[in-house]
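Enquirer: Please find my_file_5.cif (mmCIF, C-alpha atoms) on the next line:
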```cif
data_final
loop_
_atom_site.label_atom_id
_atom_site.label_comp_id
_atom_site.auth_asym_id
_atom_site.auth_seq_id
_atom_site.Cartn_x
_atom_site.Cartn_y
_atom_site.Cartn_z
CA MET P 7 149.65 63.15 112.08
CA ASN P 8 147.38 66.16 112.05
CA LEU P 9 146.39 68.51 109.22
CA PHE P 10 149.39 70.82 109.66
CA GLN P 11 151.82 67.90 109.51
CA VAL P 12 150.21 66.48 106.35
CA LEU P 13 150.03 69.89 104.59
CA PRO P 14 153.78 70.12 103.71
CA ILE P 15 153.66 66.58 102.28
CA ALA P 16 150.67 67.49 100.08
CA LEU P 17 152.36 70.71 98.91
CA GLU P 18 155.55 68.86 98.06
CA ALA P 19 153.59 66.29 96.03
CA LEU P 20 151.91 69.09 94.06
CA ARG P 21 155.27 70.80 93.50
CA LEU P 22 156.82 67.63 92.11
CA ASN P 23 153.91 67.37 89.66
CA ARG P 24 153.69 71.10 88.96
CA ALA P 25 152.61 70.97 85.29
CA ARG P 26 149.90 68.40 85.99
CA SER P 27 148.64 70.37 88.99
CA ILE P 28 148.42 73.60 86.98
CA LEU P 29 146.59 71.95 84.10
CA THR P 30 144.20 70.28 86.55
CA ALA P 31 143.46 73.60 88.22
CA LEU P 32 142.60 75.30 84.91
CA GLY P 33 139.12 73.80 84.89
CA VAL P 34 138.42 75.39 88.26
CA VAL P 35 140.06 78.66 87.18
CA PHE P 36 137.79 79.11 84.18
CA GLY P 37 134.70 77.92 86.05
CA VAL P 38 135.19 80.33 88.96
CA ALA P 39 136.12 83.17 86.58
CA ALA P 40 132.91 82.62 84.62
CA VAL P 41 130.80 82.52 87.80
CA VAL P 42 132.36 85.68 89.24
CA ALA P 43 132.15 87.60 85.95
CA MET P 44 128.54 86.59 85.26
CA LEU P 45 127.34 87.32 88.78
CA SER P 46 129.18 90.66 88.93
CA ILE P 47 127.56 91.74 85.66
CA GLY P 48 124.16 90.64 86.95
CA GLU P 49 124.69 92.40 90.29
CA GLY P 50 125.79 95.58 88.54
CA ALA P 51 122.67 95.51 86.35
CA ARG P 52 120.48 94.96 89.43
CA ARG P 53 121.98 97.90 91.31
CA GLU P 54 121.76 100.19 88.30
CA THR P 55 118.10 99.28 87.76
CA ILE P 56 117.32 100.16 91.38
CA GLU P 57 119.15 103.48 91.02
CA GLN P 58 117.26 104.29 87.81
CA ILE P 59 113.92 103.62 89.51
CA GLU P 60 114.95 105.73 92.52
CA LEU P 61 115.61 108.65 90.16
CA LEU P 62 111.85 108.90 89.70
CA GLY P 63 111.35 109.53 93.38
CA ALA P 64 110.21 107.22 96.13
CA ASN P 65 106.71 105.75 96.06
CA THR P 66 105.59 107.45 92.85
CA ILE P 67 102.87 106.72 90.31
CA LEU P 68 103.12 108.16 86.80
CA ILE P 69 100.09 108.89 84.60
CA LYS P 70 101.01 109.66 80.99
CA ASN P 71 99.20 110.57 77.82
CA SER P 72 99.22 107.53 75.54
CA GLY P 73 100.24 109.70 72.59
CA GLN P 74 100.84 113.31 71.61
CA TRP P 75 98.00 115.72 72.22
CA GLN P 76 95.70 116.13 69.23
CA PRO P 77 92.91 118.71 68.95
CA PHE P 78 89.33 117.44 68.58
CA VAL P 79 90.53 113.84 69.17
CA SER P 80 91.16 113.56 72.89
CA GLU P 81 91.43 115.97 75.77
CA GLY P 82 94.08 113.73 77.30
CA ILE P 83 95.01 114.23 80.92
CA VAL P 84 94.39 117.65 82.44
CA LEU P 85 95.23 119.62 85.56
CA ARG P 86 91.89 119.03 87.29
CA GLN P 87 92.46 115.26 87.01
CA ALA P 88 95.81 115.72 88.73
CA GLU P 89 93.99 117.48 91.55
CA ASP P 90 91.51 114.58 91.73
CA ALA P 91 94.38 112.07 91.89
CA GLY P 92 95.91 114.14 94.67
CA SER P 93 92.76 113.71 96.75
CA VAL P 94 92.96 109.90 96.74
CA ALA P 95 93.66 108.28 100.11
CA ASN P 96 97.37 107.75 100.93
CA VAL P 97 98.46 110.30 98.29
CA VAL P 98 100.66 113.01 99.82
CA GLY P 99 101.42 115.09 96.72
CA TRP P 100 101.00 115.50 92.99
CA ALA P 101 102.58 117.41 90.12
CA GLY P 102 101.50 118.17 86.57
CA VAL P 103 104.05 118.20 83.73
CA ARG P 104 104.33 119.28 80.11
CA ARG P 105 107.49 118.33 78.21
CA TYR P 106 109.11 120.02 75.21
CA GLU P 107 112.05 118.09 73.79
CA ASP P 108 115.07 119.33 71.88
CA ARG P 109 114.57 123.06 72.44
CA SER P 110 117.25 125.69 71.90
CA ILE P 111 118.84 127.11 75.07
CA SER P 112 121.44 129.86 74.81
CA ARG P 113 123.53 132.26 76.89
CA ARG P 114 125.65 134.80 75.10
CA SER P 115 127.58 132.90 72.42
CA LYS P 116 126.88 129.43 73.85
CA THR P 117 123.94 127.43 72.50
CA THR P 118 122.76 123.91 73.22
CA LYS P 119 119.67 121.72 73.13
CA ALA P 120 117.70 120.64 76.17
CA GLU P 121 114.30 119.37 77.25
CA ILE P 122 111.94 121.89 78.85
CA VAL P 123 109.92 120.56 81.76
CA ALA P 124 106.98 122.85 82.48
CA THR P 125 105.59 121.80 85.83
CA THR P 126 104.07 122.74 89.18
CA PRO P 127 105.98 123.81 92.34
CA SER P 128 105.58 120.37 93.96
CA TYR P 129 107.49 118.53 91.22
CA ALA P 130 110.89 118.82 92.92
CA SER P 131 109.67 117.10 96.09
CA ILE P 132 107.68 114.45 94.22
CA VAL P 133 110.70 113.16 92.24
CA ASP P 134 113.33 114.13 94.84
CA LEU P 135 115.01 116.46 92.34
CA GLY P 136 117.41 118.05 94.80
CA LEU P 137 119.17 121.39 94.35
CA ASP P 138 122.89 122.01 94.25
CA LYS P 139 122.39 125.79 94.47
CA GLY P 140 119.54 128.25 94.66
CA ARG P 141 115.89 127.36 95.10
CA TYR P 142 112.83 126.04 93.29
CA PHE P 143 110.05 128.35 92.12
CA ASP P 144 107.19 128.85 94.60
CA ASP P 145 103.38 129.00 94.33
CA GLN P 146 103.33 132.76 93.81
CA GLU P 147 105.81 132.58 90.91
CA TYR P 148 103.81 129.69 89.48
CA ARG P 149 100.51 131.61 89.57
CA LYS P 150 102.04 134.81 88.18
CA GLY P 151 103.93 133.01 85.41
CA ALA P 152 107.25 134.42 86.58
CA GLN P 153 110.00 134.00 84.00
CA VAL P 154 112.30 131.91 86.18
CA CYS P 155 113.89 128.49 85.76
CA ILE P 156 115.98 125.76 87.36
CA ILE P 157 118.63 124.11 85.16
CA GLY P 158 120.26 120.69 85.28
CA SER P 159 123.89 120.28 86.33
CA LYS P 160 125.25 119.40 82.85
CA LEU P 161 123.26 122.22 81.28
CA LYS P 162 124.73 124.63 83.80
CA ARG P 163 128.26 123.44 83.01
CA THR P 164 127.64 123.79 79.26
CA LEU P 165 126.28 127.34 79.48
CA PHE P 166 128.11 128.77 82.48
CA GLY P 167 131.22 126.62 82.95
CA PHE P 168 132.55 127.32 86.44
CA SER P 169 130.72 130.65 86.74
CA ASP P 170 127.79 131.11 89.09
CA ALA P 171 124.48 130.73 87.24
CA ILE P 172 122.14 132.03 89.97
CA GLY P 173 120.57 135.35 89.01
CA ASP P 174 121.83 135.25 85.43
CA ASP P 175 119.54 135.11 82.38
CA ILE P 176 119.35 132.49 79.63
CA LYS P 177 117.35 132.50 76.43
CA VAL P 178 114.92 129.60 76.15
CA GLY P 179 113.25 129.57 72.77
CA ASP P 180 112.16 133.18 72.26
CA ILE P 181 111.97 134.32 75.89
CA TYR P 182 114.52 135.13 78.57
CA LEU P 183 114.40 133.32 81.91
CA THR P 184 116.27 134.07 85.13
CA VAL P 185 118.10 131.11 86.67
CA ILE P 186 117.06 130.73 90.32
CA GLY P 187 118.37 127.20 90.94
CA VAL P 188 120.74 124.49 89.74
CA ALA P 189 119.60 120.89 90.18
CA GLU P 190 122.02 118.47 91.78
CA TYR P 191 123.81 115.95 89.59
CA LYS P 192 121.99 112.68 89.03
CA ARG P 193 123.80 109.58 87.86
CA ILE P 194 121.86 108.39 84.82
CA GLY P 195 122.98 104.87 83.90
CA LYS P 196 122.94 103.33 80.44
CA SER P 197 120.60 100.51 81.40
CA ARG P 198 116.93 100.90 80.64
CA VAL P 199 113.90 99.60 82.48
CA SER P 200 111.34 98.07 80.14
CA GLY P 201 108.26 100.28 79.88
CA LEU P 202 109.87 103.31 81.50
CA LYS P 203 111.83 106.27 80.20
CA ILE P 204 114.19 107.76 82.76
CA PRO P 205 114.19 111.59 82.67
CA GLN P 206 117.54 113.15 81.81
CA TYR P 207 117.51 115.51 84.80
CA ASN P 208 121.04 116.76 84.19
CA ARG P 209 120.11 118.26 80.81
CA GLU P 210 116.61 119.51 81.59
CA ILE P 211 115.33 122.99 82.38
CA PHE P 212 112.41 123.32 84.81
CA ILE P 213 109.92 126.20 84.47
CA PRO P 214 106.47 127.06 85.86
CA ILE P 215 103.78 125.35 83.81
CA SER P 216 102.09 128.74 83.49
CA LEU P 217 104.83 129.54 80.91
CA ALA P 218 104.11 126.43 78.85
CA ASP P 219 102.12 128.21 76.13
CA TYR P 220 105.29 130.05 75.04
CA PHE P 221 106.68 126.72 73.84
CA GLU P 222 103.67 125.27 72.08
CA PRO P 223 104.39 124.64 68.36
CA SER P 224 103.26 127.66 66.35
CA GLU P 225 102.07 125.55 63.43
CA ARG P 226 99.15 124.21 65.44
CA ASN P 227 95.81 125.69 64.39
CA VAL P 228 94.39 124.98 67.82
CA GLN P 229 96.44 125.59 70.95
CA ARG P 230 96.32 123.14 73.81
CA PRO P 231 93.99 124.07 76.66
CA PRO P 232 95.84 125.76 79.55
CA GLY P 233 95.19 122.81 81.84
CA SER P 234 96.39 120.14 79.39
CA LEU P 235 99.23 117.93 80.63
CA ASP P 236 101.62 115.30 79.33
CA GLU P 237 102.17 113.65 82.71
CA ILE P 238 100.78 113.54 86.22
CA TRP P 239 103.13 112.49 89.02
CA VAL P 240 101.57 111.20 92.23
CA LYS P 241 103.45 110.48 95.44
CA VAL P 242 102.15 107.90 97.93
CA ALA P 243 102.86 108.06 101.66
CA SER P 244 104.14 104.48 102.04
CA SER P 245 105.70 102.03 99.63
CA ASP P 246 103.34 99.37 100.97
CA ASP P 247 100.37 101.34 99.62
CA VAL P 248 101.71 102.15 96.12
CA ILE P 249 100.13 99.21 94.25
CA ALA P 250 96.73 99.56 95.93
CA THR P 251 96.72 103.34 95.43
CA ALA P 252 97.67 102.93 91.77
CA SER P 253 94.66 100.65 91.32
CA VAL P 254 92.35 103.29 92.84
CA VAL P 255 93.86 106.04 90.67
CA GLU P 256 93.47 103.90 87.55
CA ARG P 257 89.78 103.26 88.26
CA MET P 258 89.24 106.97 88.84
CA MET P 259 90.97 107.90 85.57
CA LYS P 260 88.97 105.31 83.61
CA ARG P 261 85.77 106.73 85.03
CA LEU P 262 86.79 110.25 84.00
CA HIS P 263 87.94 109.22 80.51
CA GLY P 264 85.13 106.81 79.71
CA ASP P 265 85.87 104.78 76.58
CA ARG P 266 88.92 106.87 75.60
CA ASP P 267 92.06 104.80 75.98
CA ASP P 268 94.29 107.87 75.98
CA PHE P 269 96.34 107.48 79.15
CA THR P 270 98.79 105.02 80.67
CA ILE P 271 99.56 104.41 84.33
CA ILE P 272 103.12 103.41 85.19
CA VAL P 273 104.12 102.20 88.65
CA PRO P 274 107.95 102.26 88.94
CA GLN P 275 107.82 99.98 91.99
CA ALA P 276 106.00 97.30 89.98
CA LEU P 277 108.43 97.71 87.08
CA LEU P 278 111.32 97.33 89.52
CA ALA P 279 109.86 94.10 90.92
CA GLN P 280 109.37 92.75 87.40
CA SER P 281 112.89 93.77 86.40
CA GLN P 282 114.33 92.10 89.49
CA ARG P 283 112.47 88.87 88.72
CA THR P 284 113.86 88.91 85.20
CA GLN P 285 117.35 89.69 86.51
CA ARG P 286 117.10 86.90 89.07
CA THR P 287 116.22 84.42 86.33
CA PHE P 288 119.13 85.72 84.24
CA ASN P 289 121.53 85.27 87.17
CA ILE P 290 120.32 81.72 87.81
CA VAL P 291 120.68 80.73 84.15
CA MET P 292 124.10 82.38 83.76
CA GLY P 293 125.28 80.95 87.09
CA ALA P 294 124.14 77.48 86.05
CA ILE P 295 125.96 77.76 82.72
CA ALA P 296 129.11 78.95 84.47
CA GLY P 297 128.66 76.22 87.09
CA ILE P 298 128.97 73.60 84.34
CA SER P 299 132.57 74.74 83.93
CA LEU P 300 133.13 74.08 87.62
CA LEU P 301 131.58 70.64 87.25
CA VAL P 302 133.89 69.87 84.34
CA GLY P 303 136.81 71.13 86.44
CA GLY P 304 135.77 68.82 89.28
CA ILE P 305 135.60 65.83 86.94
CA GLY P 306 139.07 66.74 85.71
CA ILE P 307 140.41 66.81 89.26
CA MET P 308 138.86 63.42 90.03
CA ASN P 309 140.27 61.93 86.86
CA ILE P 310 143.78 63.21 87.54
CA MET P 311 143.66 62.18 91.20
CA LEU P 312 142.61 58.66 90.25
CA ALA P 313 145.54 58.48 87.85
CA THR P 314 147.81 59.89 90.55
CA VAL P 315 146.73 57.24 93.05
CA LEU P 316 147.56 54.53 90.52
CA GLU P 317 150.98 56.02 89.73
CA ARG P 318 151.86 56.54 93.39
CA ARG P 319 150.86 53.12 94.72
CA TYR P 320 154.47 52.33 95.59
CA GLU P 321 154.77 55.60 97.54
CA ILE P 322 151.54 54.76 99.36
CA GLY P 323 152.87 51.30 100.24
CA VAL P 324 156.13 52.74 101.61
CA ARG P 325 154.27 55.27 103.75
CA ARG P 326 151.85 52.65 105.05
CA ALA P 327 154.77 50.33 105.86
CA ALA P 328 156.48 53.20 107.70
CA GLY P 329 153.45 53.55 109.95
CA ALA P 330 151.12 55.98 108.15
CA THR P 331 147.50 55.14 108.85
CA SER P 332 144.78 54.97 106.21
CA ARG P 333 143.38 58.18 107.73
CA VAL P 334 146.65 60.03 107.01
CA ILE P 335 146.71 58.76 103.42
CA LEU P 336 143.07 59.80 102.98
CA LEU P 337 143.84 63.25 104.41
CA GLN P 338 146.90 63.72 102.20
CA PHE P 339 145.19 62.99 98.88
CA LEU P 340 142.04 64.85 99.86
CA LEU P 341 144.16 67.84 100.84
CA GLU P 342 145.92 67.79 97.47
CA ALA P 343 142.56 67.93 95.65
CA VAL P 344 141.30 70.76 97.85
CA LEU P 345 144.53 72.76 97.38
CA ILE P 346 144.25 72.44 93.60
CA SER P 347 140.66 73.70 93.80
CA LEU P 348 141.44 76.60 96.13
CA VAL P 349 144.42 77.78 94.08
CA GLY P 350 142.27 77.56 90.97
CA CYS P 351 139.54 79.48 92.83
CA ILE P 352 141.89 82.33 93.80
CA VAL P 353 143.22 82.66 90.26
CA GLY P 354 139.66 82.38 88.94
CA ILE P 355 138.42 85.19 91.19
CA ILE P 356 141.22 87.45 89.96
CA LEU P 357 140.54 86.51 86.33
CA GLY P 358 136.76 86.93 86.79
CA THR P 359 137.28 90.37 88.33
CA LEU P 360 139.48 91.39 85.41
CA LEU P 361 136.87 90.08 82.94
CA ALA P 362 134.09 92.01 84.67
CA THR P 363 136.21 95.17 84.69
CA GLY P 364 137.01 94.70 81.00
CA VAL P 365 133.32 94.30 80.16
CA ALA P 366 132.53 97.45 82.15
CA GLN P 367 135.21 99.43 80.30
CA TYR P 368 134.50 98.07 76.82
CA ALA P 369 130.69 97.77 76.82
CA GLY P 370 129.94 100.54 79.32
CA TRP P 371 127.99 98.14 81.54
CA ARG P 372 128.06 98.54 85.26
CA THR P 373 129.52 95.64 87.23
CA ALA P 374 129.66 95.03 90.98
CA ILE P 375 131.81 92.42 92.72
CA SER P 376 129.82 91.15 95.68
CA PHE P 377 131.65 89.74 98.72
CA ILE P 378 128.88 87.16 99.06
CA HIS P 379 129.44 85.97 95.48
CA VAL P 380 133.20 85.71 96.06
CA MET P 381 132.70 83.69 99.23
CA ALA P 382 130.17 81.50 97.43
CA ALA P 383 132.75 80.85 94.69
CA VAL P 384 135.34 79.90 97.32
CA GLY P 385 132.84 77.59 99.02
CA VAL P 386 131.85 75.95 95.75
CA ALA P 387 135.48 75.49 94.73
CA ALA P 388 136.29 73.90 98.10
CA GLY P 389 133.23 71.68 97.72
CA VAL P 390 134.34 70.66 94.23
CA GLY P 391 137.77 69.79 95.61
CA ILE P 392 136.35 67.68 98.41
CA ALA P 393 133.73 65.98 96.24
CA SER P 394 136.15 65.20 93.41
CA GLY P 395 139.04 64.23 95.68
CA TYR P 396 137.26 62.07 98.23
CA TYR P 397 136.83 58.94 96.12
CA PRO P 398 140.46 58.88 94.85
CA ALA P 399 141.69 59.62 98.39
CA LEU P 400 139.51 56.83 99.80
CA LYS P 401 140.84 54.48 97.16
CA ALA P 402 144.40 55.42 98.11
CA ALA P 403 143.66 54.94 101.81
CA ARG P 404 142.27 51.44 101.18
CA THR P 405 145.30 50.33 99.18
CA ASP P 406 146.84 47.18 100.65
CA PRO P 407 150.43 47.98 101.74
CA GLY P 408 151.81 44.61 100.58
CA GLU P 409 150.32 44.88 97.09
CA ALA P 410 151.42 48.55 96.86
CA LEU P 411 155.05 47.65 97.64
CA ARG P 412 155.05 44.97 94.91
CA TYR P 413 153.52 47.42 92.36
CA GLU P 414 155.77 48.49 89.48
#
```
What is this structure when it is put down as structure tokens?
Expert:
Amino acid sequence: MNLFQVLPIALEALRLNRARSILTALGVVFGVAAVVAMLSIGEGARRETIEQIELLGANTILIKNSGQWQPFVSEGIVLRQAEDAGSVANVVGWAGVRRYEDRSISRRSKTTKAEIVATTPSYASIVDLGLDKGRYFDDQEYRKGAQVCIIGSKLKRTLFGFSDAIGDDIKVGDIYLTVIGVAEYKRIGKSRVSGLKIPQYNREIFIPISLADYFEPSERNVQRPPGSLDEIWVKVASSDDVIATASVVERMMKRLHGDRDDFTIIVPQALLAQSQRTQRTFNIVMGAIAGISLLVGGIGIMNIMLATVLERRYEIGVRRAAGATSRVILLQFLLEAVLISLVGCIVGIILGTLLATGVAQYAGWRTAISFIHVMAAVGVAAGVGIASGYYPALKAARTDPGEALRYE
């Protein structure tokens, strides 16, 4: 008898012991569900982390002031240092930035809060900002201090709804700016990368840094120097050179700042690698914990199959007396164990997918069901079935027909 001839016999045996088969499969169901849910949550977190890092632009290095600018304490980072960083080998562009959080933006009767990003014309290309409509301000507008701006997609929807924003004016603080561009929508996830704040591009307004003095707090006795910055963004030609270039830029900045520890260098690529290592460890730990459930399920299958072999000794004797070989008996009982595991695996995958979806809906986490993880779960479940069913099947195959027929 071949596999296809033995299969109906194995299915009939499972049907006759339906309740026992279902209860035996539950261990595999919960184990596979836990594995799929855990791995899908981990995969979703990994993908979202990568997307968050990519929002900062490819191959970037970020230099930030360690704290808020304070007169007579520290000059902080300045525009001429951005130009020096731009001259480092392998650097293809730089941008200087000043940020002003929670500022009033209004158009007619609509008012909201947004972050003002005062920057240089190269900023859009450094961080891959992207425009849905219009254009970015150019060098001439930057030098002249033209009262123009680019607004984020959510800010545009808040102030303009479905109307066209290009060419219209908005009031930013105490001055009016003409909208010349609308930034494309960026998906900003809820996950956070340790040591890095992801800009909220969709609710930001981008202006020439030559307009920055309009937004300096009026209570300051001493205004910031015109070249003072909050951030310097540097773009490197190749991702392979980012770490080495960051090291050169850091040494240059330390030489310019002397003993003043007033700046921080952030390399998103390094943070991504660190985050992925942490995520990989999390996946291994969670997968191992979930795998224990599969192990328990496998032990349950072996236990039940051993009991089944003992209960069905008379059946085994009859089949052996009728001409069934030990190989056929081995195949039948092994097939029963594998079928229990595979059915449990299928139900477990469905349950794990539902659990992952529920977590995504309830907690707002991103989840991603990977085909590789599903196939791995199927493979593991089949392996559990074979490993847990082989010994009972072998014991059944070695049963002496004469003793089996006398068994009561």
Enquirer: Neighbourhood query: residues within 8 Å of (145.8, 51.2, 102.6), file coordinates, counting only C-alpha atoms; return as a PDB file with C-alpha atoms, in the frame of the given file.
Expert:
```
ATOM      1  CA  ILE P 322     151.540  54.760  99.360  1.00  0.00           C
ATOM      2  CA  GLY P 323     152.870  51.300 100.240  1.00  0.00           C
ATOM      3  CA  ARG P 326     151.850  52.650 105.050  1.00  0.00           C
ATOM      4  CA  THR P 331     147.500  55.140 108.850  1.00  0.00           C
ATOM      5  CA  SER P 332     144.780  54.970 106.210  1.00  0.00           C
ATOM      6  CA  ILE P 335     146.710  58.760 103.420  1.00  0.00           C
ATOM      7  CA  ALA P 402     144.400  55.420  98.110  1.00  0.00           C
ATOM      8  CA  ALA P 403     143.660  54.940 101.810  1.00  0.00           C
ATOM      9  CA  ARG P 404     142.270  51.440 101.180  1.00  0.00           C
ATOM     10  CA  THR P 405     145.300  50.330  99.180  1.00  0.00           C
ATOM     11  CA  ASP P 406     146.840  47.180 100.650  1.00  0.00           C
ATOM     12  CA  PRO P 407     150.430  47.980 101.740  1.00  0.00           C
TER      13      PRO P 407
END
```
Enquirer: Would you tabulate, counting only C-alpha atoms, all residues of region 281-349 of chain P that have an atom at most 9 Å from an atom of region 16-21 of chain P, showing the closest pair of atoms and their distance in Å to one decimal, sorted by chain then ascending number, as CSV?
Expert:
```
residue,atom,partner,partner_atom,distance
P:Gln338,CA,P:Ala16,CA,5.7
P:Phe339,CA,P:Ala16,CA,7.2
P:Leu341,CA,P:Ala16,CA,6.6
P:Glu342,CA,P:Ala16,CA,5.4
P:Leu345,CA,P:Leu17,CA,8.2
P:Ile346,CA,P:Leu20,CA,8.4
```
Enquirer: Given the selection you just returned, output its residues as a file containing C-alpha atoms, formatted as an mmCIF file, in the frame of the given file.
Expert:
```
data_model
loop_
_atom_site.group_PDB
_atom_site.id
_atom_site.type_symbol
_atom_site.label_atom_id
_atom_site.label_comp_id
_atom_site.auth_asym_id
_atom_site.auth_seq_id
_atom_site.Cartn_x
_atom_site.Cartn_y
_atom_site.Cartn_z
ATOM 1 C CA GLN P 338 146.900 63.720 102.200
ATOM 2 C CA PHE P 339 145.190 62.990 98.880
ATOM 3 C CA LEU P 341 144.160 67.840 100.840
ATOM 4 C CA GLU P 342 145.920 67.790 97.470
ATOM 5 C CA LEU P 345 144.530 72.760 97.380
ATOM 6 C CA ILE P 346 144.250 72.440 93.600
#
```
Enquirer: Can you find the residues with an atom no farther than 12 Å from (113.6, 118.1, 93.0), counting all atoms listed in the file, and report them as an MDAnalysis selection string?
Expert: chainID P and resid 61:64 101 125:143 156:158 187:192 207:208 210:212
Enquirer: One decimal, in Å: what's the spacing between CA of Gly37 (chain P) and CA of Ser299 (chain P)?
Expert: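 CA of Gly37 (chain P) sits 4.4 Å away from CA of Ser299 (chain P).
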Enquirer: So how many Å separate CA of Asn289 (chain P) and CA of Gly48 (chain P), to one decimal?
Expert: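 Distance reported for this atom pair: 6.0 Å.
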Enquirer: Expanded to explicit residues, what is the PyMOL selection byres ((chain P and resi 100) around 8) for this file, as a list of chain:residue names?
Expert: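 So the PyMOL selection byres ((chain P and resi 100) around 8), applied here, picks out P:Ala88, P:Glu89, P:Ala91, P:Gly92, P:Val97, P:Val98, P:Gly99, P:Ala101, P:Gly102, P:Ser128, P:Tyr129, P:Ile132, P:Ile238, P:Trp239, P:Val240, P:Lys241.
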Enquirer: Residue by residue, what does the PyMOL selection byres ((chain P and resi 378-384) around 7) grab here? Present the result as a PyMOL selection string.
Expert: chain P and resi 38+42+351+376-377+385-388
Enquirer: I need the residues from that last selection saved to file as a tab-separated table (two decimals), in the coordinates of the input (with C-alpha atoms), if you can.
Expert:
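So result18.tsv came out as:
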```
chain	number	residue	atom	x	y	z
P	38	VAL	CA	135.19	80.33	88.96
P	42	VAL	CA	132.36	85.68	89.24
P	351	CYS	CA	139.54	79.48	92.83
P	376	SER	CA	129.82	91.15	95.68
P	377	PHE	CA	131.65	89.74	98.72
P	385	GLY	CA	132.84	77.59	99.02
P	386	VAL	CA	131.85	75.95	95.75
P	387	ALA	CA	135.48	75.49	94.73
P	388	ALA	CA	136.29	73.90	98.10
```
Enquirer: Please indicate the distance in Å from CA of Ile111 (chain P) to CA of Cys155 (chain P), rounded to one decimal place.
Expert: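 Here the two named atoms are 11.9 Å from each other.
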Enquirer: Give me the residues near His263 (chain P) as a list in words, where near means some atom within 12 Å (using all atoms listed in the file) and where sequence neighbours in that chain fewer than 2 positions away do not count.
Expert: Asn71, Ser80, Glu81, Gly82, Ile83, Val84, Gln87, Glu256, Arg257, Met258, Met259, Lys260, Arg261, Asp265, Arg266, Asp267, Asp268, Phe269 and Thr270 of chain P
Enquirer: Find the residue from P:Ile15, P:Gly304, P:Ile375, P:Ala95 that sits nearest to Asp247 (chain P); use only C-alpha atoms when measuring.
Expert: P:Ala95
Enquirer: Would you list the contacts of region 361-372 of chain P as a ChimeraX atom specification, taking every protein, DNA or RNA residue within 9 Å and counting only C-alpha atoms, but skipping same-chain residues closer than 3 positions in sequence?
Expert: /P:39-40,42-44,46-51,53-54,195-197,356-358,375
Enquirer: Give me the residues within 9 Å of Tyr396 (chain P) as a PyMOL selection string, counting only C-alpha atoms and dropping any in the same chain fewer than 6 places off.
Expert: chain P and resi 308+336+339-340+343
Enquirer: What do you get, as a VMD selection string, if you spell out every residue that the PyMOL selection byres ((chain P and resi 114) around 9) selects here?
Expert: chain P and resid 112 to 113 115 to 117 165 176 to 177
Enquirer: For Ile67 (chain P), list every protein, DNA or RNA residue within 8 Å, evaluated using all atoms listed in the file, and leave out those in the same chain fewer than 3 positions away; present the list as an MDAnalysis selection string.
Expert: chainID P and resid 239:242 248 252 271:274
Enquirer: Pick out the closest residue to Gln282 (chain P) from this set: P:Leu45, P:Leu32, P:Ile56, P:Ile352. Count all atoms listed in the file.
Expert: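 Of the candidates, the smallest distance to Gln282 (chain P) is held by P:Ile56.
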Enquirer: Counting only C-alpha atoms, which of P:Ile69, P:Thr164, P:Gly303, P:Lys119 gets nearest to Glu107 (chain P)?
Expert: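 Answer, going by the shortest atom-to-atom distance: P:Lys119.
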